[in-house]
Each structure stands twice: as structure tokens, then as C-alpha cells.
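Some notes on the structure that comes next.
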Amino acid sequence: MSSPTFGEKLKDIRKSFNRRYCLHPNAGSQCSHQIIKAHTIQRSGSLTKLAKNQHIYTFHPGDAELMKTGMLSPRRIGINKASTFTGFCDFHDNATFAPIENHTFESTPKHTFLLSYRALCREFYMKRARVEHISSIRTFDKGAPVEKQIWWMAQVSAMERGERSSLRHLERYKSIYDHCLLTEDYVEVQYYVIRIGCTPDFVCSGCVFPDYDFSGNKLQTLTNLDEIPQLISFSVLASDLGGLAVFGWVGPTPTAVKLVQTLDSLPNDQISHALVRFSFEYVENIFMSIDWWDQLAERVKSKLILRSLTGARPDLERRFDCLADDGLRIVSWPVLARQTNIDFTT
């Protein structure tokens, strides 16, 4: 039997990432008939402010280029398609996220929660798709020598264990966040917001399991698949007042507190560079100004790409000092304010 072509492999994978369903906890009879391409980053605000001729740059570990070469390079994408996923119906997307879509972001538990919830739903949708396409990946060794098929099956089995474990963890968090959404009880939502005095050069949104802080300390171990890791959401957004970086989480999360505490210890002139490191190290859902990226030196681009590939390639494991100062000074974001409802003294 002949091996599937690269195009056939890619087509099988893309099917999983184009499923259309609503992730709202009341999905079903309340849903509208139209599943939309829901934006995880506001199109009319953040994306439009960065766009050049209605386009921006993005890359992510699911790109065909990574499958072929093990590397990434930015690709242009229209702002109508950027940051979208088909995980909400029109009614629930509009009803749920209107407070942050139709109003300027406020550093409050409610606004932070809605940013976090949208990021979590996107992560959940993508993780479910990855688990679903594992069956297709298993066939990628068709026609290969027996020894290579044995090696491939071992790799896929290890990946499947990790992906299914991560999906279980995200399902648990989604149930917690769903309850918070339905009850409108935001008392356990905590946030750390940095406001900057200019439009950022990139925007991003995601939910991550951080394992190191900005001082190189271990926050949590992610290798035990049965242990539930602590989750934090993170976004960099543009606004009419400049830009902001938002860390958010629900419930007691010592990992998140330690992470932002080491960030808070930095002086203002180092904050923006630390945010760059965190964004490219941990967040997949990232979109960049074309002019900004194109003017970066090639060695700088390579460093940022390697950060984005951490964990996507077996030879690029995350280092303990991944968030420590690497000397790059590629943004000029003046820090206007730091806002939080965390008491660092307790």
C-alpha cells in the first residue's frame, strides 16, 4: 500500500479543525442555527489596529511547513479569518462576549473572566481537534519499512497519551468556568493587568500551563499526566487607549500568583520585553504587525520562532531560564499602570 501524500495528510488533519459546534454550556435548543467563525481576539479593535491592507502575520505549530521542515515562518492572513474558530453559535457568541466586544476593557473580574473564558474555549476546541485527528496521524507511516512503522506507532502513542490527558484537564477547567459563567459569580477571578501607552506590535490570546516564572523558578511539573496542572489565561490586546496585557485565572492558583509576582518585581523598562518572551514562549494564538516583523533582524526572528516551537519539536524542550532576560529589545511599550486584585503580601 502506498504512503499517503503530504496533501492527503494535511487534508485529513484540517477536517478535525473545521468541526462546527457551540461550546456554550447552554448549547442546544438555545443556539441559533448559525455556527460562526468566532474571534478570540477582537477584530474591530486589536486586529484592525495592527493590520496592513487588512492583513497581519501569524504562525502556529499546526502549519504545513512545520510538518515538512520542522520550522515556521509567518504567513499573511486576513483579519476576517485571524484568530477564529468555529466553536460558538452566533447567538451565544454575541450574548456571552458583548461586555468586552462592545465596551472598552476594564480591569475587573468580569471582563478578565470573559477574556479567559474565550481563550479557554478556543484551547478546548483545538485540543479536542488534535485528539480527533490522531487516528489520521496513525496512518502516516503507510508504506514505510517495518522498523519505521514501529517507531512511528510509539511516537503517536506517546503523543496520544499527552493529548488525551491535556484534554481531560481542559474539560475539568471548562466545567469550572462554565459554572462561573452561568452563575455570573466572579468572586474567585483574579487578574494582573499591565497597561501600555501605545499600540502593541503583536496581539495574542491563550490559556497555558506555565512551568517556570520570570526568575527561572520551577512553578509546576507537567510530566505527570495524572496530576492536574494549574491554568492561567494571557492576552495582549490593543485598545483605543494604547494596549494591555492581561493575566487571569479562577480560584486558588499559587502558580499564577508566583508567575505574576516575579513579573511585578521587574522595573517598568523591562516589563515589555518580559511580555514578549512570555508571549512567544507560551502562546500559540499570536498575530503580528507585518511592518514590525519585517524590520526585525534575521537572528531575532530566528529566536522568536524557536521560542514558538518549544514543545512542538522533541529537540526543543523548555528551559528553566526561558523567561529570563535574553537581551532582546524589540518593542518600545511604555508602561502606564499595573492593576491587580491580588494581595502579594499574603
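So you can find residues: chains in the C-alpha cells are A, B, ... in the order shown, residues in each start at 1, and ligands are numbered from 1 in order.
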
Selection near segment 87-92 of chain A, 7 Å with only C-alpha atoms, sequence-local residues under 2 positions removed, as a ChimeraX atom specification = /A:20-24,31-32,34-36,38,85,94-96,125

Limited to all heavy atoms, could you put the picked residues into a file as a tab-separated table (two decimals), in the first residue's frame?
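Written output follows (again05.tsv):
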```
chain	number	residue	atom	x	y	z
A	20	ARG	N	-17.92	22.18	13.42
A	20	ARG	CA	-18.75	23.33	13.75
A	20	ARG	C	-19.75	22.93	14.84
A	20	ARG	O	-20.62	22.10	14.62
A	20	ARG	CB	-19.49	23.83	12.50
A	20	ARG	CG	-18.57	24.16	11.34
A	20	ARG	CD	-19.36	24.56	10.09
A	20	ARG	NE	-19.96	25.86	10.22
A	20	ARG	CZ	-19.35	26.99	9.95
A	20	ARG	NH1	-18.10	27.00	9.51
A	20	ARG	NH2	-19.98	28.15	10.08
A	21	TYR	N	-19.57	23.51	16.04
A	21	TYR	CA	-20.49	23.25	17.14
A	21	TYR	C	-20.35	24.38	18.16
A	21	TYR	O	-19.39	25.16	18.11
A	21	TYR	CB	-20.20	21.89	17.79
A	21	TYR	CG	-18.76	21.68	18.23
A	21	TYR	CD1	-18.34	22.06	19.50
A	21	TYR	CD2	-17.83	21.08	17.37
A	21	TYR	CE1	-17.03	21.87	19.90
A	21	TYR	CE2	-16.53	20.88	17.78
A	21	TYR	CZ	-16.13	21.27	19.04
A	21	TYR	OH	-14.83	21.08	19.43
A	22	CYS	N	-21.29	24.46	19.09
A	22	CYS	CA	-21.31	25.54	20.08
A	22	CYS	C	-20.85	25.00	21.43
A	22	CYS	O	-21.37	24.01	21.92
A	22	CYS	CB	-22.71	26.14	20.19
A	22	CYS	SG	-22.79	27.56	21.33
A	23	LEU	N	-19.89	25.68	22.04
A	23	LEU	CA	-19.31	25.27	23.31
A	23	LEU	C	-19.97	25.92	24.52
A	23	LEU	O	-19.56	25.67	25.65
A	23	LEU	CB	-17.81	25.59	23.33
A	23	LEU	CG	-16.93	24.66	22.51
A	23	LEU	CD1	-15.53	25.24	22.36
A	23	LEU	CD2	-16.87	23.29	23.15
A	24	HIS	N	-20.98	26.73	24.29
A	24	HIS	CA	-21.66	27.36	25.42
A	24	HIS	C	-22.33	26.27	26.26
A	24	HIS	O	-22.86	25.29	25.72
A	24	HIS	CB	-22.70	28.36	24.93
A	24	HIS	CG	-23.23	29.25	26.00
A	24	HIS	ND1	-24.26	28.87	26.85
A	24	HIS	CD2	-22.87	30.50	26.39
A	24	HIS	CE1	-24.51	29.85	27.70
A	24	HIS	NE2	-23.68	30.84	27.44
A	31	CYS	N	-29.44	27.59	20.97
A	31	CYS	CA	-28.49	28.02	19.94
A	31	CYS	C	-29.22	28.58	18.72
A	31	CYS	O	-30.32	28.13	18.37
A	31	CYS	CB	-27.62	26.85	19.49
A	31	CYS	SG	-26.33	26.40	20.66
A	32	SER	N	-28.58	29.53	18.09
A	32	SER	CA	-29.03	29.94	16.77
A	32	SER	C	-28.60	28.88	15.78
A	32	SER	O	-27.80	27.99	16.08
A	32	SER	CB	-28.42	31.30	16.40
A	32	SER	OG	-27.01	31.21	16.36
A	34	GLN	N	-26.80	29.24	13.19
A	34	GLN	CA	-25.55	29.55	12.50
A	34	GLN	C	-24.36	29.44	13.45
A	34	GLN	O	-24.26	30.18	14.43
A	34	GLN	CB	-25.61	30.97	11.91
A	34	GLN	CG	-24.35	31.34	11.13
A	34	GLN	CD	-24.43	32.75	10.56
A	34	GLN	OE1	-25.33	33.50	10.89
A	34	GLN	NE2	-23.49	33.08	9.70
A	35	ILE	N	-23.46	28.51	13.17
A	35	ILE	CA	-22.17	28.45	13.86
A	35	ILE	C	-21.23	29.40	13.13
A	35	ILE	O	-21.06	29.31	11.91
A	35	ILE	CB	-21.58	27.03	13.85
A	35	ILE	CG1	-22.53	26.06	14.54
A	35	ILE	CG2	-20.22	27.01	14.51
A	35	ILE	CD1	-22.73	26.33	16.03
A	36	ILE	N	-20.62	30.30	13.88
A	36	ILE	CA	-19.82	31.35	13.24
A	36	ILE	C	-18.34	31.12	13.45
A	36	ILE	O	-17.93	30.29	14.27
A	36	ILE	CB	-20.20	32.74	13.79
A	36	ILE	CG1	-19.88	32.83	15.28
A	36	ILE	CG2	-21.66	33.03	13.52
A	36	ILE	CD1	-19.99	34.23	15.83
A	38	ALA	N	-15.86	32.47	15.31
A	38	ALA	CA	-15.75	33.36	16.46
A	38	ALA	C	-14.31	33.83	16.63
A	38	ALA	O	-13.37	33.03	16.58
A	38	ALA	CB	-16.22	32.63	17.72
A	85	PHE	N	-12.29	30.52	15.35
A	85	PHE	CA	-12.56	29.08	15.46
A	85	PHE	C	-14.08	28.90	15.47
A	85	PHE	O	-14.82	29.79	15.90
A	85	PHE	CB	-11.91	28.47	16.70
A	85	PHE	CG	-12.57	28.84	18.00
A	85	PHE	CD1	-13.24	27.88	18.76
A	85	PHE	CD2	-12.52	30.14	18.49
A	85	PHE	CE1	-13.84	28.20	19.97
A	85	PHE	CE2	-13.11	30.47	19.70
A	85	PHE	CZ	-13.78	29.50	20.44
A	94	ASN	N	-22.41	36.31	20.64
A	94	ASN	CA	-22.78	37.71	20.87
A	94	ASN	C	-23.23	37.95	22.30
A	94	ASN	O	-22.83	38.93	22.94
A	94	ASN	CB	-23.89	38.13	19.90
A	94	ASN	CG	-23.39	38.24	18.47
A	94	ASN	OD1	-22.24	38.55	18.23
A	94	ASN	ND2	-24.26	37.96	17.52
A	95	ALA	N	-24.07	37.06	22.83
A	95	ALA	CA	-24.62	37.27	24.16
A	95	ALA	C	-23.54	37.14	25.24
A	95	ALA	O	-23.56	37.88	26.24
A	95	ALA	CB	-25.74	36.25	24.42
A	96	THR	N	-22.61	36.23	25.06
A	96	THR	CA	-21.60	35.97	26.08
A	96	THR	C	-20.54	37.06	26.14
A	96	THR	O	-20.18	37.54	27.23
A	96	THR	CB	-20.92	34.61	25.84
A	96	THR	OG1	-21.91	33.58	25.82
A	96	THR	CG2	-19.89	34.32	26.93
A	125	TYR	N	-11.35	23.62	22.15
A	125	TYR	CA	-11.73	23.26	20.79
A	125	TYR	C	-10.52	22.69	20.03
A	125	TYR	O	-10.61	21.64	19.38
A	125	TYR	CB	-12.27	24.49	20.07
A	125	TYR	CG	-12.63	24.27	18.62
A	125	TYR	CD1	-13.93	23.96	18.24
A	125	TYR	CD2	-11.66	24.39	17.61
A	125	TYR	CE1	-14.27	23.77	16.90
A	125	TYR	CE2	-11.98	24.19	16.28
A	125	TYR	CZ	-13.28	23.89	15.93
A	125	TYR	OH	-13.60	23.69	14.62
```

List as a PDB file with N, CA and C atoms, in the first residue's frame the protein and nucleic acid residues near segment 175-183 of chain A, meaning an atom at most 7 Å away when only C-alpha atoms are counted, but skip any in the same chain fewer than 3 places from it.
```pdb
ATOM      1  N   PRO A  25     -22.310  26.404  27.606  1.00  0.00           N
ATOM      2  CA  PRO A  25     -22.921  25.358  28.447  1.00  0.00           C
ATOM      3  C   PRO A  25     -24.415  25.171  28.213  1.00  0.00           C
ATOM      4  N   TYR A 117     -12.370  33.045  29.518  1.00  0.00           N
ATOM      5  CA  TYR A 117     -13.307  32.016  29.066  1.00  0.00           C
ATOM      6  C   TYR A 117     -13.209  31.800  27.562  1.00  0.00           C
ATOM      7  N   GLU A 171     -11.159  19.870  30.087  1.00  0.00           N
ATOM      8  CA  GLU A 171     -12.578  19.599  30.351  1.00  0.00           C
ATOM      9  C   GLU A 171     -12.935  19.960  31.789  1.00  0.00           C
ATOM     10  N   ARG A 172     -12.043  19.635  32.713  1.00  0.00           N
ATOM     11  CA  ARG A 172     -12.288  19.979  34.114  1.00  0.00           C
ATOM     12  C   ARG A 172     -12.361  21.496  34.286  1.00  0.00           C
ATOM     13  N   TYR A 186     -18.118  36.010  39.889  1.00  0.00           N
ATOM     14  CA  TYR A 186     -16.731  36.248  39.528  1.00  0.00           C
ATOM     15  C   TYR A 186     -15.847  36.517  40.740  1.00  0.00           C
TER      16      TYR A 186
END
```

Backbone DSSP call of strand (DSSP E) for segment 259-342 of chain A, listed as a VMD selection string = chain A and resid 286 to 288 335 to 340

I need the residues from that last selection saved to file as an mmCIF file, in the first residue's frame (with C-alpha atoms), if you can.
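And here is the file that came out, again21.cif:
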```cif
data_model
loop_
_atom_site.group_PDB
_atom_site.id
_atom_site.type_symbol
_atom_site.label_atom_id
_atom_site.label_comp_id
_atom_site.auth_asym_id
_atom_site.auth_seq_id
_atom_site.Cartn_x
_atom_site.Cartn_y
_atom_site.Cartn_z
ATOM 1 C CA ILE A 286 -0.411 35.130 18.172
ATOM 2 C CA PHE A 287 -0.748 37.766 15.426
ATOM 3 C CA MET A 288 1.896 40.291 14.438
ATOM 4 C CA VAL A 335 4.173 51.019 30.960
ATOM 5 C CA LEU A 336 1.388 53.299 32.182
ATOM 6 C CA ALA A 337 -0.055 51.234 35.019
ATOM 7 C CA ARG A 338 -0.156 47.863 36.724
ATOM 8 C CA GLN A 339 -3.569 46.855 38.020
ATOM 9 C CA THR A 340 -4.423 43.784 40.094
#
```

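Of the residues listed (A:Ser215, A:Ser308, A:Thr112, A:Asn224), A:Ser215 shows the shortest atom-to-atom separation from Gln261 of chain A; distances use only C-alpha atoms.
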
Would you mind telling me which residue in A:Ser205, A:Ser136, A:Thr253, A:Ser46 lies nearest to Glu188 of chain A when using only C-alpha atoms?
->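 Under the stated criterion, the closest residue is A:Thr253.
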